[in-house]
Each structure stands twice: as structure tokens, then as C-alpha cells.
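Undergrad: Here it is, the structure, as C-alpha cells.
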2 protein chains.
Amino acid sequence: MTDNDLKAVSECSLFSGIDKSEINKLLESNRYYTKNYHRDAVIRFQGDEYNELIILLEGEVSAEIHNPDGKKITIETLKKSDAVATGVLFASDNTLPVTVVAGSDISILLLPKKTVINLCQKNEKFLLNYMNDSGNKIIFLAEKIRLLKFSSISQKIACHLVSLSKKQGSDSVKLSYSREQLADLFGVARPSLSRSFSEFYDRGILEAEGKIIHILDKEQLMDIITGE
Amino acid sequence: MTDNDLKAVSECSLFSGIDKSEINKLLESNRYYTKNYHRDAVIRFQGDEYNELIILLEGEVSAEIHNPDGKKITIETLKKSDAVATGVLFASDNTLPVTVVAGSDISILLLPKKTVINLCQKNEKFLLNYMNDSGNKIIFLAEKIRLLKFSSISQKIACHLVSLSKKQGSDSVKLSYSREQLADLFGVARPSLSRSFSEFYDRGILEAEGKIIHILDKEQLMDIITGE
DNA sequence: GCAATTCGGTAACATATGTTACAATAAATA
DNA sequence: TATTTATTGTAACATATGTTACCGAATTGC
């Protein structure tokens with residue numbers, strides 16, 4: 001394994017608290033391999049059996065749920081050092097509930113289930129990290145359900161901007177997605193998202209310059225989140 | 001622990017493959033306790049810290065996501081011997097994403113996180129069962145998202161009936177929920193659900209006698225699932 | 001068996017979001 | 001720079017679902 005790859009792996013939450021030399025030792029005594037894909041390649045299809053854990057060494061992928069008629073929701077986007085679908089590996093029906101698509105040219109590490117089990121047995125930290133990761137995913141999905149089902153498009157926007165603003169520590173936030181990607185993430189139609197944004201501009205709550213959004217009236221934004 | 005309680009625990013998926021005497025031994029060397037609640041009592045609130053695993057010894061509970069303005073979606077209903085929110089116990093932010101409500105008079109077993117960790121360490125089967133359960137929950141939630149977001153009310157009904165029909169091995173299926181519960185489960189308004197059912201009756205696809213639904217035209221039902 | 005409560009169907013109406021199509025930018029590429 | 005391609009805003013319209021309110025049927029408890 002190259003130094004670069006090892007670095008990416010060591011920054012994966014599954015290996016947190018385990019030092020590089022130990023990781024190297026653990027991996028070297030087990031089966032694993034790497035693979036590369038180009039942008040937009042489908043890495044795994046929804047419904048595929050999932051029996052090798054995927055860890056992103058380089059690039060970005062998104063996990064999407066697709067409908068027969070072409071619509072989709074992006075469940076999450078994963079970046080370098082993230083692990084894909086940790087939970088599914090141990091589920092009774094280990095078929096992927098999402099389609100995994102490369103968002104850029106990527107390089108991935110594949111760990112057969114046996115290897116993962118071995119890592120769990122050999123290293124307690126890894127085990128706890130693994131259970132932690134699965135638990136986090138459950139909470140993430142539950143939150144996603146709340147967001148998808150309960151909030152109007154305006155609420156989704158408000159919520160997203162407030163949390164970005166908190167994270168970036170400013171009232172001018174930079175979106176990391178295009179409006180189209182944002183619409184997919186919210187599970188709404190792009191023109192609908194656009195319309196809601198326009199309402200914000202009209203009401204003097206927001207101002208936009210490309211991907212930079214200025215929050216002019218944070219109070220109203222909060223009111224919208226809690227239901228006006 | 002009473003024989004009855006032990007029986008309920010032994011039927012919990014977390015203890016599958018572990019025999020009763022072993023379960024008893026595992027539990028007796030650890031901290032645990034039981035508690036009773038009446039119907040409609042809120043066992044845990046969304047947002048509560050979750051650091052004791054709950055296993056249902058008797059009765060039913062439902063896990064619900066609530067909105068500030070009183071609306072709710074029932075995420076799942078759990079019955080005797082089911083474990084509640086296994087994943088959350090090990091998540092970084094171990095606050096419950098759902099509110100847990102007693103659907104009948106219930107009795108629950110509470111295992112402090114330490115006890116659960118101890119069980120994981122002492123018994124490999126328990127550990128694998130635990131990871132299996134978390135994984136299943138993730139797939140369940142992902143499926144829930146697809147259902148909530150992608151299908152129309154008619155599709156939800158059709159989907160539900162077809163799967164019930166398969167399970168019950170008959171074209172006349174018995175619903176285990178009231179229409180109102182079903183509406184909550186689907187995350188839709190009750191009158192809207194009612195309207196959709198009526199459309200099915202009008203089109204000669206279904207016929208209802210209370211909670212018994214006769215499927216008259218399975219082909220059309222399947223067509224509706226796949227988008228007409 | 002009766003009163004009280006819950007449950008289920010219906011109708012008229014309100015509303016949020018989806019759909020489609022087009023034009024205007026902005027970004028990428030040759 | 002010119003040309004193409006992707007991204008975004010907008011408008012008119014279609015539609016699914018929510019909301020409210022009412023009534024009758026079913027169920028429950030006394």
C-alpha cells in the first residue's frame with residue numbers, strides 16, 4: 001500500500017485512534033485491493049450484493065436512491081477517507097439500498113467482509129469505530145426522513161443555510177453544491193427550489209452572488225425553520 | 001429474571017443462536033432492570049440521551065418522528081422481543097432520533113450501555129447479531145426513504161398490499177393496522193389515504209370488508225407499483 | 001343495551017410542489 | 001476568442017396531497 005493510500009485510510013473514521021503502523025500491520029495480514037474509476041461511473045448499483053467494504057482513497061462519490069422513472073434523491077456525498085455503507089455489510093439482506101456514483105475520478109480500497117470481521121476481532125478500537133459509524137448512519141437517515149417529509153422547501157433552504165452559517169462562522173455562506181445538486185439533495189425539483197430562493201430574495205431575507213449567499217435577516221430565517 | 005422474561009429475551013434477535021442458560025448467565029453477571037408502562041405512555045422522547053438499550057418483554061411500542069406542529073410519522077412498530085434503537089447506543093451523538101410510545105401496556109428490559117458492551121465482548125454471537133441488527137435498520141430506513149419520497153399514496157397502498165398478500169399467501173389480506181395508523185405509517189393524511197382506497201374500489205381493483213382487503217385485480221396493482 | 005368515543009368515508013377547497021419549456025448567464029472547451 | 005455545454009431563473013400550468021368539517025358506522029366501556 002502506498003504512503004498516500006495509507007494516509008487516506010488512517011484518516012478514515014473506522015481507523016480513528018489506531019496509528020498508521022498498526023493499520024499497516026492489520027491490513028498486510030489480510031486480503032484487500034484497490035480500484036480506480038472515472039467520473040460518473042457507477043461503482044455499485046442499488047440492489048447489488050455488498051460484501052466488500054469500500055473506502056474512498058481519493059475523490060468523491062454520492063449515494064443515490066433512484067426511481068424506475070429516473071428521478072433520484074442524493075442521500076449523501078462521501079469524500080476521501082469515508083467508508084461506504086458500513087452497515088449493509090452485516091445486514092441480513094446485504095443488498096445495497098443505494099446506487100453509488102463517482103462524482104470525480106476516484107480510487108477506492110476494497111476490504112472483503114472476511115477482512116473486516118478479522119479487523120473487528122483483532123482490534124477493539126476498530127470494532128467500536130465500526131459500531132459508531134453504523135449508529136451515526138442510522139441517526140443520519142432518521143434525520144433525513146424528518147427533513148424530507150416534514151419541511152417545506154423554504155424550511156429546507158433555511159435549515160441548510162443556518163447550519164452552513166454556523167459551520168462557516170459567517171452570515172455570508174458559500175454553498176458547496178450547485179442549485180441542481182442541492183435540489184437532488186433535498187429531493188425536490190430544481191425549478192421549485194429556484195422559486196423558493198426567489199421568494200427569499202423578494203422578502204429581503206437573502207441575497208445571492210453565485211454560490212455565495214448573504215443572509216440579511218437571520219431572525220426571519222429562524223422563524224421559517226420553526227414554522228413561521 | 002422470571003422465566004417469562006427470559007423467554008422474551010431469548011426470542012430477541014440480538015440473542016439468536018445463544019441458548020437460554022447462556023443468556024441467563026450473561027445477564028446475571030451484568031447490570032439490568034425492568035420497567036412497566038401503560039398504554040400511550042411516552043417511553044423516551046426524541047432528543048433524549050439513549051444510553052440504556054431497551055428490549056420489549058411484553059406489548060408493543062412505536063417509534064415516531066414528530067414535528068413541532070403535531071404531525072408525525074410512525075417509523076416502525078416494535079413488538080415483544082424486539083430491541084429499540086440498537087444503533088443509537090453506539091452513535092457519536094447518542095440522542096434518540098425518534099419518540100418511543102407505548103402502543104399497549106408494556107414491560108421493558110433495560111441494559112446499560114456498559115452491559116451491552118460487555119455482552120459484545122463476552123459473546124461473539126451477540127456481537128454479530130448486534131451488527132446485523134444495526135445493518136438491518138439502516139436498510140430499513142433507506143427503504144423507508146424511498147417509500148416516503150418516491151411513491152404516491154396509491155403506490156404505497158399497492159406495495160403494502162402486495163407484500164402482505166405474499167406474506168399471508170392469499171389474495172384476501174388482513175391489515176394489522178387501522179386506516180389511521182396506516183396513514184401515519186405512510187406519512188400521509190388520513191382523508192388522502194381514504195380517497196386513494198376509494199379509487200381502488202371504484203376501479204374494481206380492491207374490495208374491503210373492514211380490515212380484510214380482497215385483491216380483485218393483482219395485475220393492475222402491480223402496474224400501479226411500477227408506475228402504471 | 002345505551003352512551004360515549006373512536007374510526008372511517010366524503011366533499012369542497014387550499015396549497016405546495018412538480019412539469020415543461022424557454023431564455024439568459026456562466027462555465028467549459030476547442 | 002468563439003462555440004458549445006451546463007447551469008439557473010422564470011412563467012404558466014397540471015396535479016397530488018393536505019385541510020377542515022361533517023356524518024354515519026363501528027367499537028368500547030358502563
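In the C-alpha cells, chains take the letters A, B, ... in the order shown, each chain's residues start at 1, and ligands count up from 1 in the order shown.
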Applying 9 Å and only C-alpha atoms (C1' of nucleotides), which residues near Ser196 in chain A remain after dropping the ones on its own chain fewer than 6 positions away? List them as a list in words.
TA: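 What passes the distance filter is Ile153, Ser154 and Ile157 of chain A.
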Undergrad: With DSSP run on the backbone, what are the helix (DSSP H, G or I) residues within range 1-187 of chain A? I'd like them as a ChimeraX atom specification.
TA: /A:3-10,13-15,20-28,87-90,113-122,124-150,153-168,179-186
Undergrad: Using only C-alpha atoms (C1' of nucleotides), find the residues of chain A whose closest atom to chain C is at most 9 Å away, then write them as a list of chain:residue names.
TA: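 For chain A, the answer reads A:Ser152, A:Ile153, A:Val188, A:Ala189, A:Pro191, A:Ser192.
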Undergrad: Just list as a PyMOL selection string whatever in chain A DSSP marks as strand (DSSP E or B).
TA: chain A and resi 33-37+42-44+49+52-58+61-66+72-78+83-84+95+99-102+106-112+172-174+206-209+212-215
Undergrad: Those residues you just picked out, can you put them in a file as a short mmCIF file (atom, residue, chain, number, x, y, z; two decimals), in the first residue's frame with N, CA and C atoms?
TA:
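Contents of again.cif, freshly written:
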```cif
data_model
loop_
_atom_site.label_atom_id
_atom_site.label_comp_id
_atom_site.auth_asym_id
_atom_site.auth_seq_id
_atom_site.Cartn_x
_atom_site.Cartn_y
_atom_site.Cartn_z
N TYR A 33 -7.76 -4.93 -1.83
CA TYR A 33 -7.23 -4.43 -3.08
C TYR A 33 -7.80 -3.06 -3.39
N THR A 34 -7.24 -2.42 -4.41
CA THR A 34 -7.70 -1.08 -4.76
C THR A 34 -8.19 -1.07 -6.21
N LYS A 35 -8.96 -0.05 -6.52
CA LYS A 35 -9.53 0.05 -7.86
C LYS A 35 -9.74 1.51 -8.20
N ASN A 36 -9.74 1.83 -9.48
CA ASN A 36 -9.97 3.22 -9.90
C ASN A 36 -11.18 3.30 -10.82
N TYR A 37 -11.86 4.42 -10.75
CA TYR A 37 -13.00 4.66 -11.63
C TYR A 37 -12.95 6.09 -12.12
N VAL A 42 -20.71 4.29 -12.41
CA VAL A 42 -21.50 3.70 -11.32
C VAL A 42 -20.65 2.63 -10.65
N ILE A 43 -20.32 2.84 -9.40
CA ILE A 43 -19.45 1.90 -8.68
C ILE A 43 -20.23 0.68 -8.25
N ARG A 44 -21.42 0.92 -7.70
CA ARG A 44 -22.30 -0.17 -7.30
C ARG A 44 -23.74 0.23 -7.58
N GLU A 49 -25.28 -7.01 -4.42
CA GLU A 49 -24.78 -7.56 -3.17
C GLU A 49 -23.58 -6.74 -2.71
N GLU A 52 -18.00 -6.41 0.07
CA GLU A 52 -16.67 -5.84 0.25
C GLU A 52 -16.84 -4.40 0.67
N LEU A 53 -16.26 -4.07 1.79
CA LEU A 53 -16.37 -2.69 2.27
C LEU A 53 -15.54 -1.78 1.37
N ILE A 54 -16.14 -0.66 0.99
CA ILE A 54 -15.44 0.30 0.14
C ILE A 54 -15.00 1.50 0.96
N ILE A 55 -13.75 1.85 0.87
CA ILE A 55 -13.25 3.07 1.50
C ILE A 55 -12.66 3.96 0.41
N LEU A 56 -13.03 5.21 0.43
CA LEU A 56 -12.59 6.14 -0.61
C LEU A 56 -11.16 6.61 -0.34
N LEU A 57 -10.27 6.33 -1.28
CA LEU A 57 -8.89 6.78 -1.11
C LEU A 57 -8.68 8.15 -1.75
N GLU A 58 -9.49 8.43 -2.74
CA GLU A 58 -9.32 9.67 -3.49
C GLU A 58 -10.61 10.00 -4.22
N VAL A 61 -17.77 10.35 -4.02
CA VAL A 61 -18.88 9.57 -4.57
C VAL A 61 -20.17 10.04 -3.93
N SER A 62 -21.28 9.77 -4.61
CA SER A 62 -22.56 10.06 -3.96
C SER A 62 -23.40 8.80 -3.91
N ALA A 63 -24.17 8.69 -2.85
CA ALA A 63 -25.08 7.56 -2.68
C ALA A 63 -26.47 8.06 -3.02
N GLU A 64 -27.08 7.45 -4.00
CA GLU A 64 -28.35 7.95 -4.51
C GLU A 64 -29.41 6.87 -4.51
N ILE A 65 -30.64 7.28 -4.27
CA ILE A 65 -31.76 6.36 -4.43
C ILE A 65 -32.47 6.73 -5.72
N HIS A 66 -32.62 5.74 -6.58
CA HIS A 66 -33.23 6.01 -7.88
C HIS A 66 -34.60 5.39 -7.97
N LYS A 72 -34.31 10.93 -8.76
CA LYS A 72 -33.36 10.44 -7.76
C LYS A 72 -33.29 11.38 -6.56
N ILE A 73 -32.89 10.84 -5.44
CA ILE A 73 -32.50 11.64 -4.30
C ILE A 73 -31.07 11.28 -3.96
N THR A 74 -30.25 12.28 -3.75
CA THR A 74 -28.91 12.01 -3.26
C THR A 74 -28.99 11.88 -1.75
N ILE A 75 -28.66 10.72 -1.25
CA ILE A 75 -28.73 10.51 0.20
C ILE A 75 -27.56 11.19 0.88
N GLU A 76 -26.37 10.96 0.36
CA GLU A 76 -25.23 11.67 0.94
C GLU A 76 -24.10 11.67 -0.06
N THR A 77 -23.19 12.59 0.12
CA THR A 77 -21.99 12.56 -0.70
C THR A 77 -20.83 12.22 0.24
N LEU A 78 -19.99 11.34 -0.25
CA LEU A 78 -18.85 10.90 0.57
C LEU A 78 -17.57 11.40 -0.04
N ALA A 83 -16.00 5.78 4.51
CA ALA A 83 -16.35 4.40 4.20
C ALA A 83 -17.78 4.34 3.69
N VAL A 84 -18.01 3.44 2.75
CA VAL A 84 -19.32 3.35 2.10
C VAL A 84 -20.17 2.25 2.74
N THR A 95 -27.98 -6.43 0.33
CA THR A 95 -28.02 -5.75 -0.96
C THR A 95 -28.09 -4.26 -0.72
N THR A 99 -27.53 3.50 -4.97
CA THR A 99 -26.57 3.41 -6.06
C THR A 99 -25.40 4.33 -5.74
N VAL A 100 -24.20 3.83 -5.94
CA VAL A 100 -23.01 4.62 -5.61
C VAL A 100 -22.37 5.11 -6.90
N VAL A 101 -22.27 6.42 -7.05
CA VAL A 101 -21.79 7.01 -8.30
C VAL A 101 -20.57 7.88 -8.03
N ALA A 102 -19.57 7.75 -8.90
CA ALA A 102 -18.35 8.55 -8.75
C ALA A 102 -18.64 10.00 -9.13
N ILE A 106 -11.96 8.63 -9.15
CA ILE A 106 -11.77 8.17 -7.78
C ILE A 106 -10.88 6.94 -7.71
N SER A 107 -10.42 6.71 -6.50
CA SER A 107 -9.67 5.50 -6.21
C SER A 107 -10.24 4.92 -4.92
N ILE A 108 -10.54 3.64 -4.93
CA ILE A 108 -11.15 3.05 -3.73
C ILE A 108 -10.38 1.85 -3.22
N LEU A 109 -10.52 1.63 -1.93
CA LEU A 109 -9.95 0.45 -1.29
C LEU A 109 -11.10 -0.51 -1.03
N LEU A 110 -10.89 -1.80 -1.34
CA LEU A 110 -11.93 -2.79 -1.11
C LEU A 110 -11.48 -3.80 -0.07
N LEU A 111 -12.27 -3.94 0.97
CA LEU A 111 -11.96 -4.90 2.02
C LEU A 111 -13.06 -5.96 2.06
N PRO A 112 -12.72 -7.21 1.71
CA PRO A 112 -13.72 -8.28 1.77
C PRO A 112 -14.29 -8.39 3.19
N SER A 172 -22.36 35.31 5.56
CA SER A 172 -22.25 35.09 4.12
C SER A 172 -21.69 33.69 3.93
N VAL A 173 -22.51 32.80 3.42
CA VAL A 173 -22.06 31.41 3.31
C VAL A 173 -21.81 31.01 1.87
N LYS A 174 -20.90 30.07 1.72
CA LYS A 174 -20.60 29.56 0.39
C LYS A 174 -21.23 28.18 0.24
N LEU A 206 -32.58 36.99 1.88
CA LEU A 206 -31.31 36.53 1.33
C LEU A 206 -30.90 37.40 0.15
N GLU A 207 -29.60 37.32 -0.16
CA GLU A 207 -29.08 37.94 -1.36
C GLU A 207 -28.05 36.97 -1.90
N ALA A 208 -28.01 36.79 -3.21
CA ALA A 208 -27.09 35.79 -3.76
C ALA A 208 -26.13 36.39 -4.77
N GLU A 209 -24.88 35.92 -4.70
CA GLU A 209 -23.92 36.17 -5.78
C GLU A 209 -23.35 34.82 -6.13
N ILE A 212 -22.27 32.24 -3.40
CA ILE A 212 -22.22 32.95 -2.12
C ILE A 212 -23.62 33.46 -1.79
N ILE A 213 -24.10 33.11 -0.62
CA ILE A 213 -25.42 33.59 -0.19
C ILE A 213 -25.24 34.48 1.04
N HIS A 214 -25.76 35.70 0.95
CA HIS A 214 -25.70 36.60 2.11
C HIS A 214 -27.01 36.50 2.88
N ILE A 215 -26.90 36.20 4.15
CA ILE A 215 -28.10 36.14 4.99
C ILE A 215 -28.34 37.54 5.54
#
```
Undergrad: Select residues of chain D: the criterion is any atom within 10 Å of an atom of chain A, counting only C-alpha atoms (C1' of nucleotides); output as a ChimeraX atom specification.
TA: /D:7-10
Undergrad: Pick out the chain A residues within 8 Å of chain B. Count only C-alpha atoms. Give them as a PyMOL selection string.
TA: chain A and resi 65+67-69+86-93+96-98+128+131-139+141-143+145-146+148-150+187+226-227
Undergrad: Output the selection as a compact mmCIF listing (two decimals), in the first residue's frame - C-alpha atoms for each residue.
TA:
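File written: part.txt
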```
# COMPACT_ATOMS: atom_id res chain seq x y z
CA ILE A 65 -31.76 6.36 -4.43
CA ASN A 67 -36.75 5.57 -9.02
CA PRO A 68 -37.78 3.47 -12.02
CA ASP A 69 -38.70 6.68 -13.85
CA THR A 86 -20.65 0.11 6.60
CA GLY A 87 -23.95 -1.11 7.99
CA VAL A 88 -25.05 -3.01 4.92
CA LEU A 89 -22.06 -5.32 5.11
CA PHE A 90 -23.53 -7.02 8.18
CA ALA A 91 -27.22 -6.78 7.35
CA SER A 92 -29.22 -9.97 6.78
CA ASP A 93 -30.08 -8.86 3.31
CA LEU A 96 -27.25 -2.08 -1.32
CA PRO A 97 -30.19 0.25 -0.82
CA VAL A 98 -28.44 2.96 -2.81
CA LEU A 128 -16.14 0.30 18.32
CA MET A 131 -20.43 0.27 15.51
CA ASN A 132 -20.18 4.01 15.98
CA ASP A 133 -20.23 4.55 12.24
CA SER A 134 -23.29 2.34 11.78
CA GLY A 135 -25.07 4.14 14.59
CA ASN A 136 -24.26 7.51 13.10
CA LYS A 137 -25.66 6.40 9.78
CA ILE A 138 -28.92 5.40 11.42
CA ILE A 139 -29.28 8.79 13.05
CA LEU A 141 -31.04 8.58 7.93
CA ALA A 142 -33.68 9.26 10.57
CA GLU A 143 -32.83 12.94 10.33
CA ILE A 145 -36.53 11.31 6.86
CA ARG A 146 -37.58 14.20 9.04
CA LEU A 148 -37.61 15.02 3.52
CA LYS A 149 -41.03 14.54 4.95
CA PHE A 150 -41.65 17.39 7.27
CA GLY A 187 -35.34 15.63 -3.05
CA THR A 226 -39.75 26.68 13.23
CA GLY A 227 -42.81 27.12 11.04
```
Undergrad: So that I can see what lies close to range 10-21 of chain B, please list as a list in words the residues with an atom at most 7 Å from it, counting only C-alpha atoms (C1' of nucleotides) and leaving out residues fewer than 3 positions away in the same chain.
TA: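 With the cut-off at 7 Å, the set is Leu6, Lys7, Asn24, Lys25, Ser81, Asp82, Phe126, Asn129 and Tyr130 of chain B.
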